[in-house]
Structures are given as structure tokens and as C-alpha cells.
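Engineer: Input: one structure, supplied below.
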Amino acid sequence: MQRYVHNEFIGSDHSIVQIAIQGSDPPTKTHIPRWNFQRANWQRFSNLCDLSLPSISMELEQSYQLCETSILQAATASISQTKYSEKISVPWWNVECDRAIKNKKHAFNRMKRTRSQTDIIIFKRCRVKARRTILAAKETFWRHYCSSITNNAKLAKVWRTIAKFSGKRASTHIPSFTHNGITGRNDQHKAHILASHYASSNVDTHYPS
């Protein structure tokens with residue numbers, strides 16, 4: 001068993017301790033990047049598709065693979081993808097919250113170095129101020145948001161805002177499942193299990209292999 005102490009406190013007053021059992025870290029989740037359609041260059045995408053997509057004059061399977069590859073290459077060259085960040089953004093966070101957290105971290109680091117009574121008192125005051133600042137930012141945002149909701153507000157958007165307010169992140173990880181005694185090991189294996197199940201359910205439709 002190995003133990004690591006991180007320097008980043010992630011908003012806590014204590015160091016983060018990571019423990020690796022049997023010399024291996026727990027598997028990290030792979031996060032699928034998303035297309036940023038708001039910044040897409042659609043004219044370039046259309047031109048690249050026109051150049052790379054020939055007229056279909058071959059077998060269906062080959063035509064499908066060529067079409068998929070051409071569209072993906074055009075999208076990669078024309079549409080940017082969002083980058084994943086471990087930092088969870090909340091809508092109520094503001095400049096005052098940033099300043100209060102930084103002051104608390106600086107006071108905490110100074111208290112760890114000196115261990116003096118004065119620095120301990122300063123750190124406790126900064127910690128209390130940071131908590132009050134965060135609570136005030138939450139309350140202010142929530143009041144403004146509730147007053148802005150009308151009868152025409154979409155329920156899905158309201159629930160998304162509530163989830164963001166709570167600091168929850170939508171997971172893009174495909175959950176594990178078992179089919180006919182076989183458990184999916186990774187996302188590619190899960191996709192093959194689903195494809196095999198759908199293929200066996202449509203044996204009478206005579207799809208190509």
C-alpha cells in the first residue's frame with residue numbers, strides 16, 4: 001500500500017491523502033469530449049464534406065465507412081471540442097468568493113509555517129469570512145434566479161440550473177451492465193455487447209454483416 005499527500009487542499013482545511021492499494025491507483029473515468037457547435041465553422045465543414053464525400057458507387061458497408069470517416073474528419077477540422085476540467089463551476093461563484101478563498105488559503109499556509117497564535121486567529125477569521133461570503137453569494141443568486149422564473153420557463157432548464165447550483169456534474173461515463181453472464185469491461189466492450197444483442201434481435205431483417 002502506498003500513500004501520497006497532495007499540496008492542493010481543494011477548498012478543505014486539511015491535506016488530501018491518496019492511498020494506492022496493492023501498488024495500483026483506482027481506474028480513472030474517461031470523459032468524452034463534446035462538440036462546441038456554437039463556435040463551429042459550418043462553411044468550412046460544408047466545403048470539406050463536398051470535397052471528401054464522393055458519389056456513392058460502391059457496396060453499402062464501404063460507403064458507410066467512407067461517409068463516416070469523411071464527416072468525422074471534416075468535423076474535427078471545423079468544430080472545436082470542449083476540454084474537460086476537474087473544477088466544477090457553480091453559477092453563484094463570484095469575485096468575492098475567489099478573494100475570500102485565496103485569503104483563507106494564504107492564511108492557512110502561513111499558519112502552518114509559523115504555528116503562532118496570531119496567525120491561527122487570522123486564519124480562523126478568514127475561514128469564517130469565506131464561509132459567510134459563500135453563503136451570501138448563494139443566497140443572492142438564488143433570490144435573483146427565483147424572481148426571474150416565469151410561467152414560460154422550461155422545466156428542464158430549471159432542473160439543470162438547480163443541479164449546477166448544487167455543484168453536481170452530469171456524468172458521461174457509461175455504467176457497467178451484465179448481459180447473458182458477460183459484464184462489460186470498458187466502453188468498447190459494452191458497445192460490442194449491445195451491438196450483438198441488437199443483431200440477434202433482428203435476424204429476420206437480413207441486414208448486411
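By order in the C-alpha cells, chains are A, B, ...; within a chain, residues start at 1; ligands start at 1, following the order shown.
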Going by DSSP on the backbone, which residues of region 59-204 of chain A come out as helix (DSSP H, G or I)? List them as a PyMOL selection string.
Structural biologist: chain A and resi 60-78+95-114+117-148+155-165+187-201+203-204
Engineer: Please identify which residues in region 19-188 of chain A DSSP calls strand (DSSP E or B) from the backbone, and express them as a compact mmCIF listing (two decimals) with C-alpha atoms, in the first residue's frame.
Structural biologist:
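This is the output file states.txt:
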```txt
# COMPACT_ATOMS: atom_id res chain seq x y z
CA ILE A 19 -3.92 5.77 -0.92
CA ALA A 20 -2.99 3.21 -3.58
CA ILE A 21 -3.82 -0.37 -2.60
CA SER A 24 -2.13 0.48 -8.25
CA TRP A 35 -18.51 19.24 -29.84
CA GLN A 81 -14.25 20.28 -28.78
CA THR A 178 -24.20 -7.61 -17.45
CA HIS A 179 -25.87 -9.44 -20.35
CA ILE A 182 -21.00 -11.24 -19.59
CA THR A 183 -20.03 -7.97 -17.87
```
Engineer: So that I can see what lies close to Thr82 (chain A), please list as a ChimeraX atom specification the residues with an atom at most 9 Å from it, counting only C-alpha atoms and leaving out residues fewer than 4 positions away in the same chain.
Structural biologist: /A:33-36
Engineer: Which residues, written as a list in words, have at least one atom at most 10 Å from Ser70 (chain A), with only C-alpha atoms counted and residues fewer than 6 positions away on the same chain left out?
Structural biologist: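 The residues that qualify are Leu48, Cys49, Asp50, Leu51, Ser52, Leu53, Pro54, Tyr64 and Thr76 of chain A.
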Engineer: Once you have the residues from the selection above, write them out as a short mmCIF file (atom, residue, chain, number, x, y, z; two decimals), in the first residue's frame, restricted to N, CA and C atoms.
Structural biologist:
```
data_model
loop_
_atom_site.label_atom_id
_atom_site.label_comp_id
_atom_site.auth_asym_id
_atom_site.auth_seq_id
_atom_site.Cartn_x
_atom_site.Cartn_y
_atom_site.Cartn_z
N LEU A 48 -15.48 20.98 -46.80
CA LEU A 48 -14.70 19.75 -46.64
C LEU A 48 -15.53 18.52 -46.95
N CYS A 49 -16.80 18.54 -46.57
CA CYS A 49 -17.67 17.40 -46.89
C CYS A 49 -17.86 17.27 -48.39
N ASP A 50 -18.00 18.39 -49.09
CA ASP A 50 -18.17 18.34 -50.54
C ASP A 50 -16.93 17.77 -51.23
N LEU A 51 -15.76 18.07 -50.67
CA LEU A 51 -14.52 17.60 -51.28
C LEU A 51 -14.24 16.13 -50.97
N SER A 52 -14.60 15.71 -49.77
CA SER A 52 -14.21 14.36 -49.33
C SER A 52 -15.28 13.31 -49.57
N LEU A 53 -16.51 13.72 -49.81
CA LEU A 53 -17.59 12.75 -50.00
C LEU A 53 -17.84 12.56 -51.49
N PRO A 54 -17.36 11.46 -52.06
CA PRO A 54 -17.63 11.20 -53.48
C PRO A 54 -19.04 10.64 -53.66
N TYR A 64 -20.73 3.35 -46.20
CA TYR A 64 -21.00 3.83 -44.83
C TYR A 64 -19.70 4.20 -44.12
N THR A 76 -13.75 17.35 -37.23
CA THR A 76 -12.55 17.60 -36.43
C THR A 76 -11.82 18.84 -36.88
#
```
